[in-house]
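*Asks:* Data file entry.cif (mmCIF, C-alpha atoms) is appended below.
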```cif
data_query
#
loop_
_atom_site.group_PDB
_atom_site.id
_atom_site.type_symbol
_atom_site.label_atom_id
_atom_site.label_comp_id
_atom_site.auth_asym_id
_atom_site.auth_seq_id
_atom_site.Cartn_x
_atom_site.Cartn_y
_atom_site.Cartn_z
ATOM 1 C CA MET A 19 215.734 7.819 149.402
ATOM 2 C CA GLY A 20 219.299 8.858 150.270
ATOM 3 C CA THR A 21 222.626 7.504 151.489
ATOM 4 C CA LEU A 22 225.192 9.403 153.543
ATOM 5 C CA SER A 23 228.637 8.193 154.669
ATOM 6 C CA PHE A 24 231.108 9.541 157.254
ATOM 7 C CA CYS A 25 234.520 8.332 158.385
ATOM 8 C CA SER A 26 236.960 10.210 160.622
ATOM 9 C CA ALA A 27 239.559 9.773 163.354
ATOM 10 C CA ASP A 28 239.131 13.391 164.466
ATOM 11 C CA LEU A 29 236.980 13.921 167.570
ATOM 12 C CA GLY A 30 235.927 17.427 166.562
ATOM 13 C CA GLU A 31 234.796 16.320 163.117
ATOM 14 C CA THR A 32 232.921 13.400 164.629
ATOM 15 C CA GLU A 33 231.143 15.624 167.161
ATOM 16 C CA ALA A 34 230.084 18.043 164.432
ATOM 17 C CA PHE A 35 228.735 15.221 162.257
ATOM 18 C CA LEU A 36 226.831 13.524 165.102
ATOM 19 C CA SER A 37 225.334 16.861 166.174
ATOM 20 C CA SER A 38 224.131 17.493 162.642
ATOM 21 C CA ALA A 39 222.863 13.955 162.008
ATOM 22 C CA TYR A 40 221.111 13.346 165.353
ATOM 23 C CA THR A 41 220.901 16.131 167.925
ATOM 24 C CA PRO A 42 223.352 18.692 169.381
ATOM 25 C CA MET A 43 225.790 16.832 171.639
ATOM 26 C CA LYS A 44 229.182 16.902 173.292
ATOM 27 C CA ILE A 45 231.406 13.863 172.921
ATOM 28 C CA GLY A 46 234.683 12.760 174.462
ATOM 29 C CA GLY A 47 237.233 10.025 173.952
ATOM 30 C CA LYS A 48 240.695 9.249 172.590
ATOM 31 C CA PRO A 49 240.494 8.059 168.984
ATOM 32 C CA GLU A 50 244.324 7.832 168.675
ATOM 33 C CA GLY A 51 244.063 6.950 165.007
ATOM 34 C CA SER A 52 240.922 4.830 165.401
ATOM 35 C CA GLN A 53 238.003 5.551 163.124
ATOM 36 C CA ALA A 54 234.373 6.482 163.609
ATOM 37 C CA ARG A 55 232.352 5.131 160.653
ATOM 38 C CA ILE A 56 228.719 5.910 159.858
ATOM 39 C CA VAL A 57 226.564 4.975 156.862
ATOM 40 C CA ARG A 58 223.006 6.340 156.778
ATOM 41 C CA HIS A 59 220.120 5.167 154.592
ATOM 42 C CA THR A 60 216.941 7.276 154.583
ATOM 43 C CA ALA A 61 213.559 6.999 152.914
ATOM 44 C CA GLY A 62 210.706 9.277 153.879
ATOM 45 C CA GLY A 63 210.867 9.721 157.642
ATOM 46 C CA LEU A 64 212.640 6.399 158.263
ATOM 47 C CA MET A 65 216.388 6.334 158.974
ATOM 48 C CA VAL A 66 218.617 3.294 159.465
ATOM 49 C CA ASP A 67 222.298 3.909 160.246
ATOM 50 C CA ARG A 68 225.269 1.547 160.539
ATOM 51 C CA LEU A 69 227.846 2.865 163.026
ATOM 52 C CA SER A 70 231.231 1.670 164.238
ATOM 53 C CA PHE A 71 233.522 3.203 166.872
ATOM 54 C CA ASP A 72 236.916 1.607 167.492
ATOM 55 C CA TYR A 73 237.312 3.449 170.795
ATOM 56 C CA THR A 74 235.258 4.428 173.843
ATOM 57 C CA MET A 75 233.240 7.542 173.079
ATOM 58 C CA GLY A 76 231.294 9.383 175.760
ATOM 59 C CA TYR A 77 228.278 11.465 174.785
ATOM 60 C CA ASP A 78 225.950 14.028 176.370
ATOM 61 C CA ALA A 79 223.119 14.778 173.961
ATOM 62 C CA GLY A 80 219.883 16.738 173.626
ATOM 63 C CA CYS A 81 216.409 15.462 172.704
ATOM 64 C CA LEU A 82 216.193 13.386 169.530
ATOM 65 C CA HIS A 83 212.470 14.101 168.841
ATOM 66 C CA ARG A 84 212.341 10.662 167.189
ATOM 67 C CA VAL A 85 212.055 7.106 168.409
ATOM 68 C CA CYS A 86 215.634 5.775 168.368
ATOM 69 C CA LEU A 87 216.286 2.026 168.542
ATOM 70 C CA VAL A 88 219.841 0.685 168.905
ATOM 71 C CA THR A 89 220.851 -2.850 167.885
ATOM 72 C CA VAL A 90 224.261 -3.817 169.290
ATOM 73 C CA HIS A 91 226.410 -6.163 167.170
ATOM 74 C CA GLU A 92 229.778 -5.841 168.945
ATOM 75 C CA GLY A 93 231.041 -4.014 172.035
ATOM 76 C CA GLN A 94 228.845 -2.301 174.628
ATOM 77 C CA PHE A 95 226.532 0.635 175.232
ATOM 78 C CA ALA A 96 226.505 2.158 178.705
ATOM 79 C CA ASP A 97 223.480 4.385 179.338
ATOM 80 C CA THR A 98 224.080 6.851 182.200
ATOM 81 C CA THR A 99 221.060 9.092 181.630
ATOM 82 C CA GLY A 100 219.455 8.306 184.989
ATOM 83 C CA GLY A 101 222.640 8.679 187.019
ATOM 84 C CA GLY A 102 223.451 4.965 187.182
ATOM 85 C CA GLU A 103 224.864 2.737 184.452
ATOM 86 C CA GLU A 104 222.685 0.470 182.312
ATOM 87 C CA LEU A 105 224.665 -1.854 180.028
ATOM 88 C CA PHE A 106 223.542 -3.228 176.658
ATOM 89 C CA GLY A 107 225.552 -5.813 174.745
ATOM 90 C CA PRO A 108 225.640 -7.810 171.491
ATOM 91 C CA GLY A 109 222.291 -9.181 170.360
ATOM 92 C CA GLU A 110 220.214 -6.575 172.222
ATOM 93 C CA THR A 111 217.907 -4.069 170.546
ATOM 94 C CA PHE A 112 216.833 -1.311 172.936
ATOM 95 C CA LEU A 113 215.284 2.150 173.107
ATOM 96 C CA LEU A 114 218.125 4.646 173.412
ATOM 97 C CA ALA A 115 216.060 7.325 175.178
ATOM 98 C CA PRO A 116 212.545 8.802 175.275
ATOM 99 C CA HIS A 117 212.179 11.034 172.208
ATOM 100 C CA ASP A 118 211.546 14.171 174.284
ATOM 101 C CA ARG A 119 214.393 13.868 176.819
ATOM 102 C CA PRO A 120 218.177 14.372 176.700
ATOM 103 C CA TYR A 121 220.423 11.356 177.167
ATOM 104 C CA ALA A 122 224.024 10.484 178.063
ATOM 105 C CA GLY A 123 226.358 7.500 178.118
ATOM 106 C CA GLU A 124 229.271 5.746 176.418
ATOM 107 C CA VAL A 125 229.775 3.719 173.248
ATOM 108 C CA ARG A 126 232.512 1.208 174.099
ATOM 109 C CA SER A 127 234.308 -0.011 170.965
ATOM 110 C CA ALA A 128 230.949 -0.876 169.455
ATOM 111 C CA ARG A 129 229.469 -1.764 166.090
ATOM 112 C CA TYR A 130 225.720 -1.154 165.991
ATOM 113 C CA THR A 131 222.636 -0.138 164.007
ATOM 114 C CA ILE A 132 220.415 2.847 164.810
ATOM 115 C CA THR A 133 216.813 2.956 163.565
ATOM 116 C CA MET A 134 214.781 6.152 163.898
ATOM 117 C CA PHE A 135 211.198 7.095 163.060
ATOM 118 C CA ASP A 136 208.485 9.618 163.946
ATOM 119 C CA PRO A 137 206.980 8.889 167.393
ATOM 120 C CA GLY A 138 203.552 9.795 165.995
ATOM 121 C CA LEU A 139 203.550 6.484 164.120
ATOM 122 C CA LEU A 140 203.128 4.649 167.429
ATOM 123 C CA GLY A 141 199.639 6.098 167.788
ATOM 124 C CA GLU A 142 198.763 5.284 164.186
ATOM 125 C CA VAL A 143 199.504 1.575 164.580
ATOM 126 C CA ALA A 144 198.213 1.067 168.132
ATOM 127 C CA ALA A 145 195.780 -1.835 168.552
ATOM 128 C CA ALA A 146 192.025 -1.263 168.313
ATOM 129 C CA GLY A 147 190.439 -0.039 171.529
ATOM 130 C CA ALA A 148 193.787 0.356 173.266
ATOM 131 C CA LEU A 149 194.383 4.113 172.968
ATOM 132 C CA ALA A 150 193.951 5.906 176.269
ATOM 133 C CA ALA A 151 191.742 8.979 175.844
ATOM 134 C CA GLY A 152 193.844 12.133 175.646
ATOM 135 C CA ARG A 153 197.135 10.286 176.146
ATOM 136 C CA PRO A 154 199.823 9.849 173.508
ATOM 137 C CA VAL A 155 201.057 6.363 172.740
ATOM 138 C CA GLU A 156 204.631 6.164 174.030
ATOM 139 C CA LEU A 157 207.336 3.616 174.734
ATOM 140 C CA THR A 158 208.021 3.445 178.481
ATOM 141 C CA GLY A 159 210.967 1.051 178.820
ATOM 142 C CA GLN A 160 214.312 0.520 177.139
ATOM 143 C CA ARG A 161 214.516 -3.286 177.056
ATOM 144 C CA ALA A 162 212.251 -5.702 175.210
ATOM 145 C CA VAL A 163 209.600 -7.466 177.280
ATOM 146 C CA SER A 164 211.040 -10.943 176.536
ATOM 147 C CA PRO A 165 213.927 -12.643 174.690
ATOM 148 C CA ALA A 166 211.510 -13.530 171.872
ATOM 149 C CA ALA A 167 210.413 -9.884 171.607
ATOM 150 C CA ASN A 168 214.054 -8.792 171.473
ATOM 151 C CA ARG A 169 214.729 -11.246 168.630
ATOM 152 C CA LEU A 170 211.662 -10.008 166.729
ATOM 153 C CA LEU A 171 212.727 -6.382 167.074
ATOM 154 C CA GLY A 172 216.307 -7.128 166.001
ATOM 155 C CA ALA A 173 215.159 -9.179 163.005
ATOM 156 C CA THR A 174 212.836 -6.363 161.896
ATOM 157 C CA VAL A 175 215.667 -3.828 162.090
ATOM 158 C CA ALA A 176 217.923 -6.143 160.052
ATOM 159 C CA HIS A 177 215.218 -6.561 157.409
ATOM 160 C CA LEU A 178 214.719 -2.807 157.074
ATOM 161 C CA ARG A 179 218.460 -2.195 156.918
ATOM 162 C CA ASP A 180 219.426 -4.960 154.505
ATOM 163 C CA ASN A 181 216.323 -5.492 152.351
ATOM 164 C CA VAL A 182 214.254 -2.314 152.395
ATOM 165 C CA LEU A 183 216.413 0.806 152.623
ATOM 166 C CA ALA A 184 219.556 -0.746 151.149
ATOM 167 C CA GLY A 185 217.777 -3.080 148.726
ATOM 168 C CA PRO A 186 218.051 -2.513 144.976
ATOM 169 C CA GLY A 187 215.284 -0.416 143.467
ATOM 170 C CA THR A 188 213.440 0.366 146.697
ATOM 171 C CA GLY A 189 213.812 4.105 146.154
ATOM 172 C CA THR A 190 211.292 3.924 143.302
ATOM 173 C CA SER A 191 208.351 3.234 145.640
ATOM 174 C CA PRO A 192 207.289 5.710 148.344
ATOM 175 C CA LEU A 193 204.866 3.059 149.628
ATOM 176 C CA VAL A 194 207.778 0.826 150.614
ATOM 177 C CA ALA A 195 209.228 3.418 152.998
ATOM 178 C CA ALA A 196 205.834 4.324 154.446
ATOM 179 C CA THR A 197 204.871 0.684 155.003
ATOM 180 C CA ALA A 198 208.269 -0.093 156.516
ATOM 181 C CA ALA A 199 208.045 2.827 158.956
ATOM 182 C CA ARG A 200 204.634 1.732 160.190
ATOM 183 C CA HIS A 201 205.850 -1.854 160.449
ATOM 184 C CA ILE A 202 208.814 -1.009 162.714
ATOM 185 C CA ALA A 203 206.521 1.167 164.854
ATOM 186 C CA ALA A 204 204.072 -1.736 165.278
ATOM 187 C CA VAL A 205 206.871 -4.166 166.165
ATOM 188 C CA ALA A 206 208.319 -1.666 168.669
ATOM 189 C CA LEU A 207 204.918 -1.492 170.381
ATOM 190 C CA GLU A 208 204.768 -5.272 170.499
ATOM 191 C CA ALA A 209 208.326 -5.695 171.780
ATOM 192 C CA LEU A 210 208.860 -2.803 174.222
ATOM 193 C CA PRO A 211 206.900 -1.630 177.297
ATOM 194 C CA ASN A 212 204.459 1.125 176.351
ATOM 195 C CA THR A 213 201.428 3.120 177.450
ATOM 196 C CA VAL A 214 199.071 0.923 175.411
ATOM 197 C CA THR A 215 199.810 -2.323 177.259
ATOM 198 C CA ASP A 216 200.296 -0.542 180.586
ATOM 199 C CA THR A 217 196.787 1.010 180.689
ATOM 200 C CA GLU A 218 193.205 -0.161 180.510
ATOM 201 C CA PRO A 219 191.632 -0.023 177.024
ATOM 202 C CA ALA A 220 189.615 3.090 176.357
ATOM 203 C CA PRO A 221 185.929 2.738 175.501
ATOM 204 C CA VAL A 222 184.924 2.817 171.845
ATOM 205 C CA ASP A 223 181.868 4.686 170.569
ATOM 206 C CA SER A 224 179.975 1.845 168.894
ATOM 207 C CA ARG A 225 177.816 4.340 166.972
ATOM 208 C CA ASP A 226 180.919 5.625 165.151
ATOM 209 C CA GLY A 227 182.077 2.060 164.580
ATOM 210 C CA SER A 228 179.061 1.402 162.378
ATOM 211 C CA ALA A 229 178.578 -0.337 159.040
ATOM 212 C CA ASP A 230 178.467 3.109 157.416
ATOM 213 C CA THR A 231 181.892 3.893 158.872
ATOM 214 C CA LEU A 232 183.170 0.654 157.372
ATOM 215 C CA ARG A 233 181.618 1.472 153.976
ATOM 216 C CA ARG A 234 183.180 4.922 153.844
ATOM 217 C CA ALA A 235 186.559 3.654 155.043
ATOM 218 C CA VAL A 236 186.564 0.912 152.416
ATOM 219 C CA ALA A 237 185.709 3.440 149.696
ATOM 220 C CA PHE A 238 188.570 5.698 150.791
ATOM 221 C CA ILE A 239 191.064 2.823 150.856
ATOM 222 C CA ASP A 240 189.944 1.556 147.458
ATOM 223 C CA ALA A 241 190.432 5.010 145.949
ATOM 224 C CA HIS A 242 193.760 5.810 147.629
ATOM 225 C CA ALA A 243 195.585 2.471 148.009
ATOM 226 C CA HIS A 244 198.325 3.707 145.658
ATOM 227 C CA LEU A 245 199.182 6.538 148.078
ATOM 228 C CA ASP A 246 200.921 6.676 151.463
ATOM 229 C CA ILE A 247 197.854 6.292 153.708
ATOM 230 C CA GLY A 248 197.398 4.844 157.162
ATOM 231 C CA LEU A 249 194.865 4.693 159.953
ATOM 232 C CA ALA A 250 194.965 8.453 160.620
ATOM 233 C CA GLU A 251 194.201 9.368 157.005
ATOM 234 C CA ILE A 252 191.392 6.790 156.788
ATOM 235 C CA ALA A 253 189.741 8.114 159.961
ATOM 236 C CA ASP A 254 190.099 11.766 158.871
ATOM 237 C CA SER A 255 188.336 11.034 155.589
ATOM 238 C CA ILE A 256 185.061 10.007 157.304
ATOM 239 C CA PRO A 257 185.629 11.721 159.868
ATOM 240 C CA VAL A 258 185.665 9.593 163.037
ATOM 241 C CA THR A 259 188.326 8.566 165.528
ATOM 242 C CA PRO A 260 190.950 5.959 164.559
ATOM 243 C CA ARG A 261 189.460 3.694 167.247
ATOM 244 C CA ALA A 262 186.074 3.829 165.567
ATOM 245 C CA VAL A 263 187.561 2.760 162.230
ATOM 246 C CA GLN A 264 189.356 -0.156 163.878
ATOM 247 C CA TYR A 265 186.169 -1.164 165.696
ATOM 248 C CA ALA A 266 184.122 -0.986 162.483
ATOM 249 C CA PHE A 267 186.495 -3.308 160.635
ATOM 250 C CA ALA A 268 186.716 -5.744 163.555
ATOM 251 C CA ARG A 269 182.933 -5.831 164.066
ATOM 252 C CA HIS A 270 181.686 -5.846 160.479
ATOM 253 C CA ALA A 271 184.585 -7.195 158.389
ATOM 254 C CA GLY A 272 186.579 -9.430 160.726
ATOM 255 C CA THR A 273 189.859 -7.713 159.869
ATOM 256 C CA THR A 274 191.785 -4.481 160.516
ATOM 257 C CA PRO A 275 192.034 -1.325 158.369
ATOM 258 C CA THR A 276 195.682 -2.070 157.577
ATOM 259 C CA GLY A 277 194.842 -5.695 156.852
ATOM 260 C CA TYR A 278 192.219 -4.602 154.329
ATOM 261 C CA LEU A 279 194.661 -2.093 152.817
ATOM 262 C CA ARG A 280 197.252 -4.846 152.317
ATOM 263 C CA ARG A 281 194.589 -7.021 150.671
ATOM 264 C CA VAL A 282 193.654 -4.229 148.251
ATOM 265 C CA ARG A 283 197.292 -3.627 147.351
ATOM 266 C CA LEU A 284 197.805 -7.354 146.801
ATOM 267 C CA ALA A 285 194.818 -7.353 144.428
ATOM 268 C CA ARG A 286 196.221 -4.344 142.548
ATOM 269 C CA ALA A 287 199.562 -6.119 142.240
ATOM 270 C CA HIS A 288 197.688 -9.148 140.864
ATOM 271 C CA GLU A 289 195.991 -6.960 138.252
ATOM 272 C CA ASP A 290 199.314 -5.401 137.224
ATOM 273 C CA LEU A 291 200.986 -8.802 136.918
ATOM 274 C CA ARG A 292 198.179 -10.060 134.672
ATOM 275 C CA ALA A 293 198.469 -7.001 132.412
ATOM 276 C CA ALA A 294 202.286 -6.739 132.356
ATOM 277 C CA ASP A 295 204.697 -7.804 129.635
ATOM 278 C CA PRO A 296 207.008 -10.463 131.177
ATOM 279 C CA GLY A 297 209.744 -9.318 128.830
ATOM 280 C CA THR A 298 209.920 -5.829 130.348
ATOM 281 C CA THR A 299 208.448 -6.241 133.865
ATOM 282 C CA THR A 300 209.584 -8.208 136.907
ATOM 283 C CA VAL A 301 207.642 -9.459 139.915
ATOM 284 C CA SER A 302 209.853 -7.358 142.216
ATOM 285 C CA GLU A 303 208.986 -4.164 140.319
ATOM 286 C CA VAL A 304 205.273 -4.777 140.707
ATOM 287 C CA ALA A 305 205.635 -5.744 144.374
ATOM 288 C CA LEU A 306 207.580 -2.569 145.176
ATOM 289 C CA ARG A 307 205.046 -0.445 143.294
ATOM 290 C CA TRP A 308 202.403 -1.599 145.773
ATOM 291 C CA GLY A 309 204.504 -1.307 148.916
ATOM 292 C CA PHE A 310 205.770 -4.895 149.312
ATOM 293 C CA ALA A 311 209.499 -4.636 150.032
ATOM 294 C CA HIS A 312 210.251 -8.273 150.879
ATOM 295 C CA HIS A 313 209.994 -10.426 147.751
ATOM 296 C CA GLY A 314 209.676 -13.720 149.652
ATOM 297 C CA ARG A 315 206.852 -12.511 151.883
ATOM 298 C CA PHE A 316 205.031 -10.978 148.939
ATOM 299 C CA ALA A 317 205.315 -14.241 147.000
ATOM 300 C CA ALA A 318 204.063 -16.266 149.979
ATOM 301 C CA ALA A 319 201.064 -13.963 150.574
ATOM 302 C CA TYR A 320 200.288 -13.945 146.853
ATOM 303 C CA ARG A 321 200.368 -17.733 146.614
ATOM 304 C CA ARG A 322 198.115 -18.119 149.676
ATOM 305 C CA HIS A 323 195.553 -15.780 148.138
ATOM 306 C CA TYR A 324 195.717 -16.714 144.448
ATOM 307 C CA GLY A 325 196.927 -20.315 144.604
ATOM 308 C CA ALA A 326 199.952 -19.750 142.367
ATOM 309 C CA PRO A 327 203.277 -17.858 142.508
ATOM 310 C CA PRO A 328 203.244 -14.298 141.178
ATOM 311 C CA ALA A 329 205.749 -15.291 138.475
ATOM 312 C CA THR A 330 203.174 -17.707 137.062
ATOM 313 C CA THR A 331 200.637 -14.887 136.742
ATOM 314 C CA LEU A 332 203.232 -12.652 135.092
ATOM 315 C CA ARG A 333 204.005 -15.314 132.491
ATOM 316 C CA GLY A 334 200.312 -15.550 131.682
#
```
Can you give me the file's structure in the form of structure tokens?
*Replies:*
Amino acid sequence: MGTLSFCSADLGETEAFLSSAYTPMKIGGKPEGSQARIVRHTAGGLMVDRLSFDYTMGYDAGCLHRVCLVTVHEGQFADTTGGGEELFGPGETFLLAPHDRPYAGEVRSARYTITMFDPGLLGEVAAAGALAAGRPVELTGQRAVSPAANRLLGATVAHLRDNVLAGPGTGTSPLVAATAARHIAAVALEALPNTVTDTEPAPVDSRDGSADTLRRAVAFIDAHAHLDIGLAEIADSIPVTPRAVQYAFARHAGTTPTGYLRRVRLARAHEDLRAADPGTTTVSEVALRWGFAHHGRFAAAYRRHYGAPPATTLRG
């Protein structure tokens, strides 16, 4: 996990920093003493940046090669990539540009958050049976599909920014960053137009989605729950397609691979709490060890499953 800060009223310095931090770009504007401020938090392949420009800054940039979500808090974004002008204002969370295309526009006296992650995660978290054969899973529209979806996406970004990457002690657990990255990818698929919801579900080979596939997937998860694993790693261990693993869990276990993985990690956290010394161990430390970054959600899930708060288990 790392933190990087930048502050400058010089346009040349700002262009050099943005080109290094994001993608090569040309910028324009008249700072006239106004500041550009950027604070970056990173963990694994997940990046969440707070940015503030006190002036109008134009940009013409290359491909990002990452999914880039922008949450506007104040001011405006004007996207001119397609030749016209698409405006985004406070309260909106939108896709800045497709990861494999250049983009252009203006930041107009704006304060905003940028969230970036590997586009390959979209395929890892896609719903069972929804992957089109031979086609990558991609986001196809900039705006959320509904006001509720926009609120969900913005709330997820705020949680990652304020509680996961900037939260105390989160750097001690690689599982936290990996889980958070997959979570924002899943929410992006739910909130934004994409190739999964815009196409017919692909057929699933029911022979690969067998009880034996489930057994082998469960064994792999049980043995590797302490590591950064996801659907792709589970499928590769068998080996079958990710769709087959999802189908096997849905058909024979009534859950999803990631749902089972969360259940295993919750059980491991329960075991650690029972064995821990309450004088030297906290509930938050155990939760983070097993990839649960949000203390309140961990406590709620724990209580639903075990009938008591995790602190009660820790105290014996």
*Asks:* Rounded to one decimal, what separation in Å do you get between CA of Leu113 (chain A) and CA of Tyr73 (chain A)?
*Replies:*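 For CA of Leu113 (chain A) relative to CA of Tyr73 (chain A), the distance reads 22.2 Å.
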*Asks:* For the point (210.9, 1.4, 164.0) in the file's frame, write as a VMD selection string all residues with an atom no more than 12 Å away, counting only C-alpha atoms.
*Replies:* chain A and resid 63 to 66 84 to 89 111 to 113 131 to 140 143 157 170 to 179 195 to 210
*Asks:* Excluding Thr330 (chain A) and residues on its chain fewer than 5 positions from it, collect all residues at most 12 Å away from it, counting all atoms listed in the file, and give them as a list in words.
*Replies:*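 Once the adjacent positions are removed, what remains is His288, Leu291, Arg292, Ala294, Pro296, Thr300, Val301, Ala317, Tyr320, Arg321, Tyr324 and Gly325 of chain A.
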*Asks:* Counting all atoms listed in the file, figure out which residue out of A:Ala243, A:Leu249, A:Ala293, A:Leu183 gets nearest to His312 (chain A).
*Replies:* A:Leu183
*Asks:* To test your reading of the syntax: which residues would the PyMOL selection byres ((chain A and resi 29) around 9) return for the file shown? Reply as a PDB file with C-alpha atoms, keeping the file's coordinate frame.
*Replies:*
```pdb
ATOM      1  CA  SER A  26     236.960  10.210 160.622  1.00  0.00           C
ATOM      2  CA  ALA A  27     239.559   9.773 163.354  1.00  0.00           C
ATOM      3  CA  ASP A  28     239.131  13.391 164.466  1.00  0.00           C
ATOM      4  CA  GLY A  30     235.927  17.427 166.562  1.00  0.00           C
ATOM      5  CA  GLU A  31     234.796  16.320 163.117  1.00  0.00           C
ATOM      6  CA  THR A  32     232.921  13.400 164.629  1.00  0.00           C
ATOM      7  CA  GLU A  33     231.143  15.624 167.161  1.00  0.00           C
ATOM      8  CA  ALA A  34     230.084  18.043 164.432  1.00  0.00           C
ATOM      9  CA  ILE A  45     231.406  13.863 172.921  1.00  0.00           C
ATOM     10  CA  GLY A  46     234.683  12.760 174.462  1.00  0.00           C
ATOM     11  CA  GLY A  47     237.233  10.025 173.952  1.00  0.00           C
ATOM     12  CA  LYS A  48     240.695   9.249 172.590  1.00  0.00           C
ATOM     13  CA  PRO A  49     240.494   8.059 168.984  1.00  0.00           C
ATOM     14  CA  ALA A  54     234.373   6.482 163.609  1.00  0.00           C
TER      15      ALA A  54
END
```
*Asks:* Quick one: pull the distance between CA of Tyr77 (chain A) and CA of Ser37 (chain A), Å, one decimal.
*Replies:* 10.6 Å
